[in-house]
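Down below is the structure, laid out as structure tokens.
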There are 4 protein chains.
Amino acid sequence: MRALVYLGRGRIGVEERPQPTVQRATDAVVRIVRSTICGTDLHILKGDVATCSSGRILGHEGTGVVESVGAAVVGFAPGDRVLISCITACGLCPACRQGMPSHCATGGWILGNTIDGTQADFVRIPHATSSLHALPADVDDEAAVMLSDILPTGFECGVANGRIAPGGTVAIVGSGPIGLATLLTAQFYTPSRIIMIDLDDHRLEVARALGATDVVNSATGDAAAAVQLLTDGRGVDTAIEAVGVPDTFRLCERIVAAGGVIANIGVHGKPVELHLETLWSHNVTITTRLVDAVSTPMLLRTVRAHRLDPRRLVTHRFPMHDILAAYDTFGRAAATKALKVVLEA
Amino acid sequence: MRALVYLGRGRIGVEERPQPTVQRATDAVVRIVRSTICGTDLHILKGDVATCSSGRILGHEGTGVVESVGAAVVGFAPGDRVLISCITACGLCPACRQGMPSHCATGGWILGNTIDGTQADFVRIPHATSSLHALPADVDDEAAVMLSDILPTGFECGVANGRIAPGGTVAIVGSGPIGLATLLTAQFYTPSRIIMIDLDDHRLEVARALGATDVVNSATGDAAAAVQLLTDGRGVDTAIEAVGVPDTFRLCERIVAAGGVIANIGVHGKPVELHLETLWSHNVTITTRLVDAVSTPMLLRTVRAHRLDPRRLVTHRFPMHDILAAYDTFGRAAATKALKVVLEA
Amino acid sequence: MRALVYLGRGRIGVEERPQPTVQRATDAVVRIVRSTICGTDLHILKGDVATCSSGRILGHEGTGVVESVGAAVVGFAPGDRVLISCITACGLCPACRQGMPSHCATGGWILGNTIDGTQADFVRIPHATSSLHALPADVDDEAAVMLSDILPTGFECGVANGRIAPGGTVAIVGSGPIGLATLLTAQFYTPSRIIMIDLDDHRLEVARALGATDVVNSATGDAAAAVQLLTDGRGVDTAIEAVGVPDTFRLCERIVAAGGVIANIGVHGKPVELHLETLWSHNVTITTRLVDAVSTPMLLRTVRAHRLDPRRLVTHRFPMHDILAAYDTFGRAAATKALKVVLEA
Amino acid sequence: MRALVYLGRGRIGVEERPQPTVQRATDAVVRIVRSTICGTDLHILKGDVATCSSGRILGHEGTGVVESVGAAVVGFAPGDRVLISCITACGLCPACRQGMPSHCATGGWILGNTIDGTQADFVRIPHATSSLHALPADVDDEAAVMLSDILPTGFECGVANGRIAPGGTVAIVGSGPIGLATLLTAQFYTPSRIIMIDLDDHRLEVARALGATDVVNSATGDAAAAVQLLTDGRGVDTAIEAVGVPDTFRLCERIVAAGGVIANIGVHGKPVELHLETLWSHNVTITTRLVDAVSTPMLLRTVRAHRLDPRRLVTHRFPMHDILAAYDTFGRAAATKALKVVLEA
């Protein structure tokens with residue numbers, strides 16, 4: 001089969017690889033129908049993810065059709081349409097039992113990282129019983145592939161951790177794919193105001209079309225002052241960090257109201273300064289989270305009920321054999337205006 | 001009356017002052033029976049609290065007897081024994097209604113800070129209806145004065161924010177009065193392990209006597225390694241910062257388990273480094289809080305039910321007229337082994 | 001002034017009464033601009049509310065303009081536009097402090113019950129500081145008067161107690177004004193399905209227009225079977241009782257899923273059977289609640305943010321001097337298709 | 001092997017049966033070291049449990065040593081000491097994933113009910129990975145066997161559902177084994193008052209020894225009045241039903257405070273009257289629950305930390321071959337003063 005392979009810092013290529021097979025009784029092999037590229041794949045490409053070695057097939061998002069299953073797999077059979085979760089979960093270890101499969105003893109984020117991933121014709125999925133989701137006939141693959149990672153991430157790390165509530169005020173710092181996925185699911189809770197902050201006017205326009213009540217371009221002024229103005233000087237109940245650099249975290253510190261929450265989603269490469277000399281008395285909560293993908297069944301229900309349309313995040317589509325072009329488009333997002341780029345088998 | 005007055009950086013003195021009177025219908029005047037000195041009073045003395053001007057009567061903890069009440073005060077009459085909360089709460093503003101009187105629009109921590117405080121023969125208490133608590137006959141003043149500040153602070157900022165739970169593991173960094181108050185109330189939730197960390201062996205001995213299951217002297221080894229050893233390499237579910245300097249916050253970051261909480265109590269004077277480059281994926285929660293003193297009625301019930309003995313925090317007692325000696329003893333705690341120093345009228 | 005007065009079982013009349021005045025420092029007097037009639041007023045009329053004596057001015061809903069305030073009232077002045085809460089809250093007693101002003105020691109539901117109410121030209125509001133809400137200029141009186149009682153009741157007793165969540169399934173039994181208010185606010189949480197159940201096809205049509213995903217007429221078939229069919233045999237996560245008779249409660253017991261909630265809103269006149277012989281092992285929660293009106297500030301924010309349009313509940317408008325005609329229209333709702341009937345000063 | 005077999009209403013006997021073997025890859029076979037008899041076993045004996053057929057080996061509590069495991073069992077090997085949970089959990093179905101394995105699609109309470117149980121020399125445990133718990137060397141079998149059912153049941157259905165909190169007031173109606181298990185674990189949360197109610201003075205004496213602050217014999221007076229007296233007329237924050245008949249549920253309705261919880265544990269055979277004509281406005285919560293046994297790891301930690309001594313519930317010990325004598329003793333508990341009766345292999 002063909003696969004997109006990481007070849008060391010800065011290099012990827014399409015290679016011919018043997019089709020994966022069931023190795024353990026709990027494995028399934030899935031023929032990929034749709035995949036997509038994640039910002040994390042670009043991090044790997046930059047050499048920032050030490051756990052991912054050269055030779056690895058990338059990709060942790062996908063939908064497909066079950067090709068074969070091990071003897072211990074429950075609930076899935078060859079021919080079933082499935083959604084692949086970016087988080088592999090045994091379902092049975094202490095972390096899984098406490099609802100935190102991101103820290104599963106034998107799973108977590110391993111696909112396209114420590115084992116081969118979904119940017120290929122086929123993929124082997126360990127712990128298939130609790131790492132796949134059956135796809136109902138009324139959910140198409142393009143919508144579903146947005147539920148592998150980006151929508152559970154926005155929802156769990158941003159919306160749920162951020163305790164967004166009816167009538168509340170929210171600022172989302174970063175209007176890229178993950179910020180926009182957060183924006184879509186933030187609306188589940190009917191906040192009165194969702195302020196989107198970014199440096200790129202196009203992305204802010206998209207944010208407005210997807211439901212932001214206010215947008216602030218932080219390149220052209222004091223974003224913190226703008227947020228204070230929009231909130232009568234109170235600051236926001238929830239500030240969501242969806243970039244991953246010190247400046248955007250600092251902005252969150254400056255705009256969170258007393259009693260509010262800073263929910264971090266961004267993948268950070270270095271420490272940030274936490275201004276406890278003022279925040280110690282501000283009754284704030286700061287959360288971090290690697291997505292657990294425990295909200296996926298709920299998200300599927302909202303898609304089926306037409307309460308969430310994940311396809312609004314998709315800007316580009318490529319055949320799987322053009323995956324290098326897809327990487328190029330996604331990698332130059334400012335120029336191409338790419339959000340999510342879907343790969344079609 | 002006599003009062004302990006802040007005279008500018010590094011200076012305090014006992015002065016004669018006029019007895020306070022009711023100024024608004026919601027005020028009460030209380031004759032002090034017991035007061036005490038808080039670490040925050042020492043901060044003021046160092047000139048670290050910009051809101052507190054020279055000439056201010058210090059003190060935000062006390063018990064006493066109601067001397068007079070304004071026309072709008074409900075539930076209190078002259079002669080009633082009362083506990084004075086360190087937090088003045090109108091009970092009616094948005095912050096108070098959302099359970100956060102620390103940020104009351106016309107209250108919060110004002111006693112001994114922006115208005116005259118309790119280290120005097122009498123004190124005026126604004127918003128008396130919701131800032132005083134009736135003292136039942138079976139609660140003595142010395143126990144009660146520990147409920148003005150230190151016990152609600154340890155409980156709310158450390159124990160409640162830290163989500164301490166049965167069977168959980170807790171580390172408290174700092175075995176001073178506030179850390180020990182946290183230790184006492186942490187036991188309300190029956191954690192399986194409470195590890196106390198400090199530089200002072202004497203304070204660690206006290207911690208063990210007050211219920212710590214393990215103690216670690218961070219002066220004589222790698223405290224983080226010691227905690228990992230005690231928790232089978234998992235780290236603790238709850239790490240409580242009860243000092244207020246970067247090193248102790250850093251220690252909390254190193255010992256908190258995935259999915260755990262860092263609950264900050266310490267009053268910080270400068271920023272700390274937050275290591276998001278590792279913590280972003282550790283599913284941790286960090287909380288800050290100025291005490292709201294909303295747990296005081298609950299704490300009073302636990303004292304009455306003999307589930308909490310606040311007097312275990314008291315090491316020294318002074319007549320109010322020896323308050324300068326009391327400050328001296330409290331200020332040299334390492335040498336005097338002082339924890340809480342009670343002032344007796 | 002003119003007022004609608006309860007004259008004993010089955011009788012009401014419009015009478016001339018002296019204009020109320022401030023009696024305590026915490027009182028305000030409000031000139032009524034809008035009022036409305038509640039199902040509870042009809043209960044009083046039937047003689048079902050023992051606490052309400054003959055001679056009482058009815059009404060616990062209203063908006064208006066402050067006429068005068070007592071010396072201790074904070075935040076309101078003559079001329080201010082205000083919303084009157086159906087719950088009078090001192091804000092300071094133990095019940096109020098624990099967020100349950102429905103059981104306020106000197107308040108609760110007293111307006112138009114144990115003290116004179118809002119169906120008059122003027123009304124005296126005790127504990128005005130925490131029982132009135134300032135009306136922003138962009139909220140009109142007709143929308144606001146729906147926030148006196150019916151919307152907080154639907155939200156607090158039904159939606160919040162019912163733990164409605166994104167993707168969940170909800171059934172609301174009773175499509176009268178309170179059921180419809182619940183329906184409007186249930187959508188704050190984006191459930192995947194809201195099934196409305198009633199005997200009246202017209203009310204079910206209204207429900208569909210207001211957001212119900214499914215409607216079931218329980219007069220023409222087995223409503224429980226219909227709900228099971230709509231939920232793949234699981235039952236609903238949340239069943240809301242919005243009628244107040246044994247049959248509708250029984251229906252809730254039959255349709256709630258394992259792990260689900262029955263949230264009672266209905267005012268019941270007699271006991272119901274609780275089928276613990278099956279429910280004991282079904283992990284269900286049953287809640288009851290007299291509205292606390294603690295959600296009113298949040299509801300005002302959602303109205304201002306155009307997330308909630310309370311006027312959709314209003315079917316009829318009458319000048320205040322035609323209040324007897326308004327009672328007649330509201331009392332014959334099946335024939336008149338009345339939902340909420342607004343009285344205009 | 002020998003086994004205690006249900007022979008139809010009113011009849012049990014010891015029979016020789018073939019030793020069970022692994023049937024599915026997820027099974028384990030356990031050699032029993034300790035077992036015990038549950039009130040539910042007596043219900044079966046009375047013919048009250050329709051799912052349990054004649055010929056069934058009874059028993060859903062036990063500890064032992066793993067004899068053999070299927071190929072898919074993770075974390076357990078022959079020779080391991082284990083605790084058997086009364087709830088069999090696949091860990092992977094929707095109910096298990098939402099933390100409710102009591103309603104597991106292929107598990108739940110099946111041991112000694114729909115499949116053969118633990119009152120035998122050996123037992124087959126389906127879904128062994130998530131239905132067994134490793135026993136640390138420092139937890140002896142007699143303590144551990146109390147964690148199969150009775151302690152998680154008291155904790156989850158009574159204490160956790162009842163939201164017991166520091167300083168709160170609790171009444172437990174029924175001082176039998178399950179009520180006493182609730183009493184032991186209620187103390188995890190340091191309520192100020194735990195009132196135990198029963199008809200049997202001996203059981204009330206035991207309750208006092210195990211930590212009840214007050215006891216009320218409901219045979220000799222008005223228990224509701226006694227509770228009101230002990231709570232200054234407020235009623236209790238948490239009323240726990242640990243019997244399973246209408247009278248005891250009724251008592252809970254009469255003693256629960258406004259805003260409080262009735263947590264039902266009792267297995268009921270018929271409906272109860274729910275007095276919604278008064279409770280509708282009392283802001284109460286009523287919960288039911290079949291134990292999920294999700295708290296077992298936590299309970300093991302509290303045992304290891306010497307915070308819980310389960311052996312205090314054990315009154316009698318019998319060799320397994322005397323199990324008929326054990327049933328006789330347990331069945332005549334009033335006369336024999338039996339609480340938990342341990343069977344020793």
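Going by the structure tokens order, chains are called A, B, ..., each with residues numbered from 1, while ligands are numbered from 1 in the order shown.
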Counting only C-alpha atoms, which residues from chain B have an atom at most 9 Å from any atom of chain A, and could you show them as number ranges by chain?
-> B: 95, 100, 102-103, 157, 244, 258-259, 264-291
So which residues of stretch 92-225 of chain A fall under helix (DSSP H, G or I) by DSSP, listed as a PyMOL selection string?
-> chain A and resi 94-97+101-103+128-131+141-145+150-160+177-189+201-209+223-225
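Of the listed residues (D:Arg2, D:Arg56, D:Ala71, D:Leu111), D:Ala71 comes nearest to A:Thr26; the distances count only C-alpha atoms.
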Could you tell me which of B:Ala105, B:Gly260, B:Gln119, B:Pro166 comes closest to D:Phe188 if we count only C-alpha atoms?
->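 Residue with the minimum atom-to-atom distance to D:Phe188: B:Pro166.
Picture a line from atom CA of C:Asn113 to atom CA of C:Met298; it runs 26.2 Å.
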B:Arg304: which residues within 12 Å, counting only C-alpha atoms, same-chain residues fewer than 3 positions away excluded, as a PyMOL selection string?
-> (chain B and resi 135-140+143-144+297-301+307-310) or (chain D and resi 167-168+191-193)
Could the residues in this selection be saved with N, CA, C and O atoms as an mmCIF file, in the first residue's frame?
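The resulting file, selection11.cif, is reproduced below:
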data_model
loop_
_atom_site.group_PDB
_atom_site.id
_atom_site.type_symbol
_atom_site.label_atom_id
_atom_site.label_comp_id
_atom_site.auth_asym_id
_atom_site.auth_seq_id
_atom_site.Cartn_x
_atom_site.Cartn_y
_atom_site.Cartn_z
ATOM 1 N N LEU B 135 -21.520 33.579 67.540
ATOM 2 C CA LEU B 135 -20.717 32.542 68.187
ATOM 3 C C LEU B 135 -21.582 31.782 69.184
ATOM 4 O O LEU B 135 -22.046 32.363 70.172
ATOM 5 N N PRO B 136 -21.775 30.496 68.966
ATOM 6 C CA PRO B 136 -22.536 29.708 69.936
ATOM 7 C C PRO B 136 -21.772 29.624 71.259
ATOM 8 O O PRO B 136 -20.539 29.736 71.274
ATOM 9 N N ALA B 137 -22.496 29.402 72.335
ATOM 10 C CA ALA B 137 -21.886 29.365 73.671
ATOM 11 C C ALA B 137 -20.807 28.296 73.775
ATOM 12 O O ALA B 137 -19.851 28.439 74.536
ATOM 13 N N ASP B 138 -20.945 27.209 73.005
ATOM 14 C CA ASP B 138 -19.978 26.113 73.141
ATOM 15 C C ASP B 138 -18.743 26.274 72.254
ATOM 16 O O ASP B 138 -17.951 25.340 72.139
ATOM 17 N N VAL B 139 -18.576 27.428 71.646
ATOM 18 C CA VAL B 139 -17.333 27.679 70.901
ATOM 19 C C VAL B 139 -16.576 28.802 71.592
ATOM 20 O O VAL B 139 -17.083 29.924 71.702
ATOM 21 N N ASP B 140 -15.367 28.501 72.085
ATOM 22 C CA ASP B 140 -14.661 29.539 72.827
ATOM 23 C C ASP B 140 -13.948 30.488 71.867
ATOM 24 O O ASP B 140 -13.728 30.176 70.697
ATOM 25 N N ALA B 143 -10.648 29.313 69.888
ATOM 26 C CA ALA B 143 -10.919 28.462 68.724
ATOM 27 C C ALA B 143 -11.502 29.310 67.604
ATOM 28 O O ALA B 143 -11.118 29.198 66.441
ATOM 29 N N ALA B 144 -12.420 30.183 67.962
ATOM 30 C CA ALA B 144 -13.153 30.942 66.947
ATOM 31 C C ALA B 144 -12.243 31.874 66.161
ATOM 32 O O ALA B 144 -12.407 32.037 64.945
ATOM 33 N N PRO B 297 -19.432 29.162 58.190
ATOM 34 C CA PRO B 297 -20.495 28.460 58.931
ATOM 35 C C PRO B 297 -20.250 26.945 59.000
ATOM 36 O O PRO B 297 -20.482 26.325 60.047
ATOM 37 N N MET B 298 -19.767 26.357 57.931
ATOM 38 C CA MET B 298 -19.458 24.929 57.944
ATOM 39 C C MET B 298 -18.349 24.633 58.941
ATOM 40 O O MET B 298 -18.424 23.682 59.720
ATOM 41 N N LEU B 299 -17.312 25.473 58.932
ATOM 42 C CA LEU B 299 -16.198 25.255 59.854
ATOM 43 C C LEU B 299 -16.669 25.366 61.300
ATOM 44 O O LEU B 299 -16.258 24.578 62.159
ATOM 45 N N LEU B 300 -17.528 26.319 61.577
ATOM 46 C CA LEU B 300 -18.078 26.433 62.926
ATOM 47 C C LEU B 300 -18.811 25.148 63.323
ATOM 48 O O LEU B 300 -18.702 24.683 64.459
ATOM 49 N N ARG B 301 -19.552 24.566 62.376
ATOM 50 C CA ARG B 301 -20.258 23.311 62.700
ATOM 51 C C ARG B 301 -19.273 22.188 62.997
ATOM 52 O O ARG B 301 -19.505 21.384 63.897
ATOM 53 N N ARG B 307 -14.983 17.902 65.411
ATOM 54 C CA ARG B 307 -14.275 17.296 64.276
ATOM 55 C C ARG B 307 -13.055 18.133 63.901
ATOM 56 O O ARG B 307 -12.265 17.733 63.066
ATOM 57 N N LEU B 308 -12.949 19.305 64.459
ATOM 58 C CA LEU B 308 -11.840 20.211 64.147
ATOM 59 C C LEU B 308 -11.499 20.946 65.430
ATOM 60 O O LEU B 308 -12.394 21.481 66.096
ATOM 61 N N ASP B 309 -10.203 20.944 65.789
ATOM 62 C CA ASP B 309 -9.777 21.661 66.991
ATOM 63 C C ASP B 309 -8.793 22.755 66.580
ATOM 64 O O ASP B 309 -7.591 22.533 66.497
ATOM 65 N N PRO B 310 -9.302 23.958 66.321
ATOM 66 C CA PRO B 310 -8.457 25.038 65.803
ATOM 67 C C PRO B 310 -7.377 25.464 66.790
ATOM 68 O O PRO B 310 -6.366 26.041 66.383
ATOM 69 N N GLY D 167 -19.399 18.949 57.939
ATOM 70 C CA GLY D 167 -20.308 19.791 58.693
ATOM 71 C C GLY D 167 -21.774 19.494 58.457
ATOM 72 O O GLY D 167 -22.635 20.058 59.142
ATOM 73 N N GLY D 168 -22.101 18.642 57.519
ATOM 74 C CA GLY D 168 -23.496 18.347 57.206
ATOM 75 C C GLY D 168 -24.147 17.415 58.209
ATOM 76 O O GLY D 168 -23.495 16.878 59.105
ATOM 77 N N PRO D 191 -19.145 14.621 58.320
ATOM 78 C CA PRO D 191 -20.389 15.334 58.666
ATOM 79 C C PRO D 191 -20.393 15.647 60.154
ATOM 80 O O PRO D 191 -19.668 15.014 60.937
ATOM 81 N N SER D 192 -21.176 16.643 60.556
ATOM 82 C CA SER D 192 -21.187 16.988 61.986
ATOM 83 C C SER D 192 -22.079 16.044 62.773
ATOM 84 O O SER D 192 -21.898 15.890 63.980
ATOM 85 N N ARG D 193 -23.012 15.418 62.105
ATOM 86 C CA ARG D 193 -23.955 14.573 62.826
ATOM 87 C C ARG D 193 -24.373 13.415 61.925
ATOM 88 O O ARG D 193 -24.719 13.640 60.756
#
Return as a PDB file with N, CA and C atoms, in the first residue's frame the full set of residues in stretch 155-275 of chain C whose backbone-based DSSP assignment is strand (DSSP E).
ATOM      1  N   THR C 169     -30.963  13.579  25.317  1.00  0.00           N
ATOM      2  CA  THR C 169     -32.373  13.481  24.934  1.00  0.00           C
ATOM      3  C   THR C 169     -33.240  13.950  26.085  1.00  0.00           C
ATOM      4  N   VAL C 170     -34.276  14.717  25.719  1.00  0.00           N
ATOM      5  CA  VAL C 170     -35.128  15.365  26.711  1.00  0.00           C
ATOM      6  C   VAL C 170     -36.582  15.121  26.335  1.00  0.00           C
ATOM      7  N   ALA C 171     -37.419  14.833  27.324  1.00  0.00           N
ATOM      8  CA  ALA C 171     -38.869  14.881  27.103  1.00  0.00           C
ATOM      9  C   ALA C 171     -39.450  15.864  28.087  1.00  0.00           C
ATOM     10  N   ILE C 172     -40.337  16.719  27.588  1.00  0.00           N
ATOM     11  CA  ILE C 172     -41.031  17.668  28.456  1.00  0.00           C
ATOM     12  C   ILE C 172     -42.502  17.283  28.435  1.00  0.00           C
ATOM     13  N   VAL C 173     -43.015  16.915  29.598  1.00  0.00           N
ATOM     14  CA  VAL C 173     -44.408  16.471  29.682  1.00  0.00           C
ATOM     15  C   VAL C 173     -45.252  17.664  30.101  1.00  0.00           C
ATOM     16  N   ARG C 193     -32.318  15.902  21.026  1.00  0.00           N
ATOM     17  CA  ARG C 193     -33.735  15.645  20.839  1.00  0.00           C
ATOM     18  C   ARG C 193     -34.525  16.243  22.007  1.00  0.00           C
ATOM     19  N   ILE C 194     -35.557  17.007  21.668  1.00  0.00           N
ATOM     20  CA  ILE C 194     -36.484  17.491  22.700  1.00  0.00           C
ATOM     21  C   ILE C 194     -37.882  17.065  22.278  1.00  0.00           C
ATOM     22  N   ILE C 195     -38.415  16.124  23.024  1.00  0.00           N
ATOM     23  CA  ILE C 195     -39.735  15.566  22.717  1.00  0.00           C
ATOM     24  C   ILE C 195     -40.768  16.252  23.606  1.00  0.00           C
ATOM     25  N   MET C 196     -41.774  16.843  22.989  1.00  0.00           N
ATOM     26  CA  MET C 196     -42.794  17.560  23.753  1.00  0.00           C
ATOM     27  C   MET C 196     -44.039  16.685  23.787  1.00  0.00           C
ATOM     28  N   ILE C 197     -44.628  16.573  24.951  1.00  0.00           N
ATOM     29  CA  ILE C 197     -45.790  15.691  25.138  1.00  0.00           C
ATOM     30  C   ILE C 197     -46.933  16.493  25.736  1.00  0.00           C
ATOM     31  N   ASP C 198     -48.108  16.404  25.110  1.00  0.00           N
ATOM     32  CA  ASP C 198     -49.275  17.125  25.617  1.00  0.00           C
ATOM     33  C   ASP C 198     -50.530  16.453  25.048  1.00  0.00           C
ATOM     34  N   ASP C 214     -39.541  16.734  18.307  1.00  0.00           N
ATOM     35  CA  ASP C 214     -40.594  15.732  18.158  1.00  0.00           C
ATOM     36  C   ASP C 214     -41.740  16.099  19.084  1.00  0.00           C
ATOM     37  N   VAL C 215     -42.960  15.752  18.665  1.00  0.00           N
ATOM     38  CA  VAL C 215     -44.113  15.990  19.540  1.00  0.00           C
ATOM     39  C   VAL C 215     -44.935  14.707  19.619  1.00  0.00           C
ATOM     40  N   VAL C 216     -45.508  14.498  20.793  1.00  0.00           N
ATOM     41  CA  VAL C 216     -46.323  13.304  21.029  1.00  0.00           C
ATOM     42  C   VAL C 216     -47.617  13.741  21.686  1.00  0.00           C
ATOM     43  N   ASN C 217     -48.744  13.402  21.057  1.00  0.00           N
ATOM     44  CA  ASN C 217     -50.032  13.685  21.691  1.00  0.00           C
ATOM     45  C   ASN C 217     -50.420  12.477  22.528  1.00  0.00           C
ATOM     46  N   VAL C 236     -35.331   8.614  27.816  1.00  0.00           N
ATOM     47  CA  VAL C 236     -34.674   9.922  27.722  1.00  0.00           C
ATOM     48  C   VAL C 236     -33.736  10.157  28.900  1.00  0.00           C
ATOM     49  N   ASP C 237     -32.703  10.941  28.635  1.00  0.00           N
ATOM     50  CA  ASP C 237     -31.774  11.321  29.701  1.00  0.00           C
ATOM     51  C   ASP C 237     -32.457  12.219  30.729  1.00  0.00           C
ATOM     52  N   THR C 238     -33.366  13.049  30.251  1.00  0.00           N
ATOM     53  CA  THR C 238     -34.059  13.993  31.133  1.00  0.00           C
ATOM     54  C   THR C 238     -35.549  13.970  30.835  1.00  0.00           C
ATOM     55  N   ALA C 239     -36.353  13.704  31.859  1.00  0.00           N
ATOM     56  CA  ALA C 239     -37.811  13.776  31.726  1.00  0.00           C
ATOM     57  C   ALA C 239     -38.293  14.892  32.642  1.00  0.00           C
ATOM     58  N   ILE C 240     -38.995  15.853  32.078  1.00  0.00           N
ATOM     59  CA  ILE C 240     -39.419  17.022  32.850  1.00  0.00           C
ATOM     60  C   ILE C 240     -40.927  17.002  33.025  1.00  0.00           C
ATOM     61  N   GLU C 241     -41.351  17.043  34.278  1.00  0.00           N
ATOM     62  CA  GLU C 241     -42.776  17.018  34.614  1.00  0.00           C
ATOM     63  C   GLU C 241     -43.234  18.459  34.732  1.00  0.00           C
ATOM     64  N   VAL C 256     -37.896   7.605  31.606  1.00  0.00           N
ATOM     65  CA  VAL C 256     -36.534   8.036  31.958  1.00  0.00           C
ATOM     66  C   VAL C 256     -35.566   6.865  31.760  1.00  0.00           C
ATOM     67  N   ALA C 257     -34.421   7.151  31.159  1.00  0.00           N
ATOM     68  CA  ALA C 257     -33.398   6.123  30.932  1.00  0.00           C
ATOM     69  C   ALA C 257     -32.670   5.809  32.235  1.00  0.00           C
ATOM     70  N   ALA C 258     -32.044   4.650  32.291  1.00  0.00           N
ATOM     71  CA  ALA C 258     -31.143   4.358  33.410  1.00  0.00           C
ATOM     72  C   ALA C 258     -30.078   5.446  33.451  1.00  0.00           C
ATOM     73  N   GLY C 259     -29.826   5.946  34.637  1.00  0.00           N
ATOM     74  CA  GLY C 259     -28.856   7.022  34.776  1.00  0.00           C
ATOM     75  C   GLY C 259     -29.433   8.402  34.526  1.00  0.00           C
ATOM     76  N   GLY C 260     -30.734   8.490  34.225  1.00  0.00           N
ATOM     77  CA  GLY C 260     -31.351   9.758  33.871  1.00  0.00           C
ATOM     78  C   GLY C 260     -31.952  10.511  35.043  1.00  0.00           C
ATOM     79  N   VAL C 261     -32.605  11.629  34.715  1.00  0.00           N
ATOM     80  CA  VAL C 261     -33.161  12.531  35.724  1.00  0.00           C
ATOM     81  C   VAL C 261     -34.641  12.797  35.423  1.00  0.00           C
ATOM     82  N   ILE C 262     -35.460  12.755  36.455  1.00  0.00           N
ATOM     83  CA  ILE C 262     -36.814  13.306  36.374  1.00  0.00           C
ATOM     84  C   ILE C 262     -36.788  14.627  37.129  1.00  0.00           C
ATOM     85  N   ALA C 263     -37.028  15.720  36.417  1.00  0.00           N
ATOM     86  CA  ALA C 263     -37.030  17.042  37.048  1.00  0.00           C
ATOM     87  C   ALA C 263     -38.482  17.500  37.147  1.00  0.00           C
ATOM     88  N   ASN C 264     -38.950  17.601  38.360  1.00  0.00           N
ATOM     89  CA  ASN C 264     -40.340  18.009  38.559  1.00  0.00           C
ATOM     90  C   ASN C 264     -40.457  19.530  38.621  1.00  0.00           C
ATOM     91  N   VAL C 272     -47.947  11.099  44.562  1.00  0.00           N
ATOM     92  CA  VAL C 272     -47.837  10.232  43.387  1.00  0.00           C
ATOM     93  C   VAL C 272     -47.247   8.911  43.853  1.00  0.00           C
ATOM     94  N   GLU C 273     -47.402   7.892  43.029  1.00  0.00           N
ATOM     95  CA  GLU C 273     -46.750   6.623  43.315  1.00  0.00           C
ATOM     96  C   GLU C 273     -45.352   6.640  42.718  1.00  0.00           C
ATOM     97  N   LEU C 274     -44.377   6.277  43.513  1.00  0.00           N
ATOM     98  CA  LEU C 274     -43.008   6.191  43.010  1.00  0.00           C
ATOM     99  C   LEU C 274     -42.662   4.703  42.932  1.00  0.00           C
TER     100      LEU C 274
END
Best match for closeness to C:Thr315 among C:Thr114, C:Thr36, C:Thr182, C:Ser131, counting only C-alpha atoms |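 Looking only at the distances to C:Thr315, the closest residue turns out to be C:Thr36.
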Between atom CA of C:Thr63 and atom CA of C:Ala77, what is the spacing in Å?
->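 One can read the atom CA of C:Ala77 to atom CA of C:Thr63 distance as 14.9 Å.
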How many Å lie between atom CA of C:Gly221 and atom CA of C:Lys340, rounded to one decimal?
-> 28.4 Å
Find the residues near D:Thr296: any atom within 9 Å, counting only C-alpha atoms, skip ones fewer than 3 places away on the same chain, and give them as a ChimeraX atom specification.
-> /D:85,133,147-148,151-152,293,299-301
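Once A:Gly64 and its same-chain neighbours fewer than 4 positions away are set aside, Val30, Arg31, Ile32, Val33, Arg81 and Val82 of chain A remain within 6 Å of it when counting only C-alpha atoms.
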Could those selected residues go to a file with C-alpha atoms, as a CSV table (one decimal), in the first residue's frame?
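As a result, selection_3.csv now contains:
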chain,number,residue,atom,x,y,z
A,30,VAL,CA,-9.1,-0.4,8.8
A,31,ARG,CA,-9.1,0.6,5.1
A,32,ILE,CA,-8.9,4.4,5.1
A,33,VAL,CA,-11.7,6.4,3.3
A,81,ARG,CA,-17.9,2.0,8.5
A,82,VAL,CA,-15.9,3.5,11.4
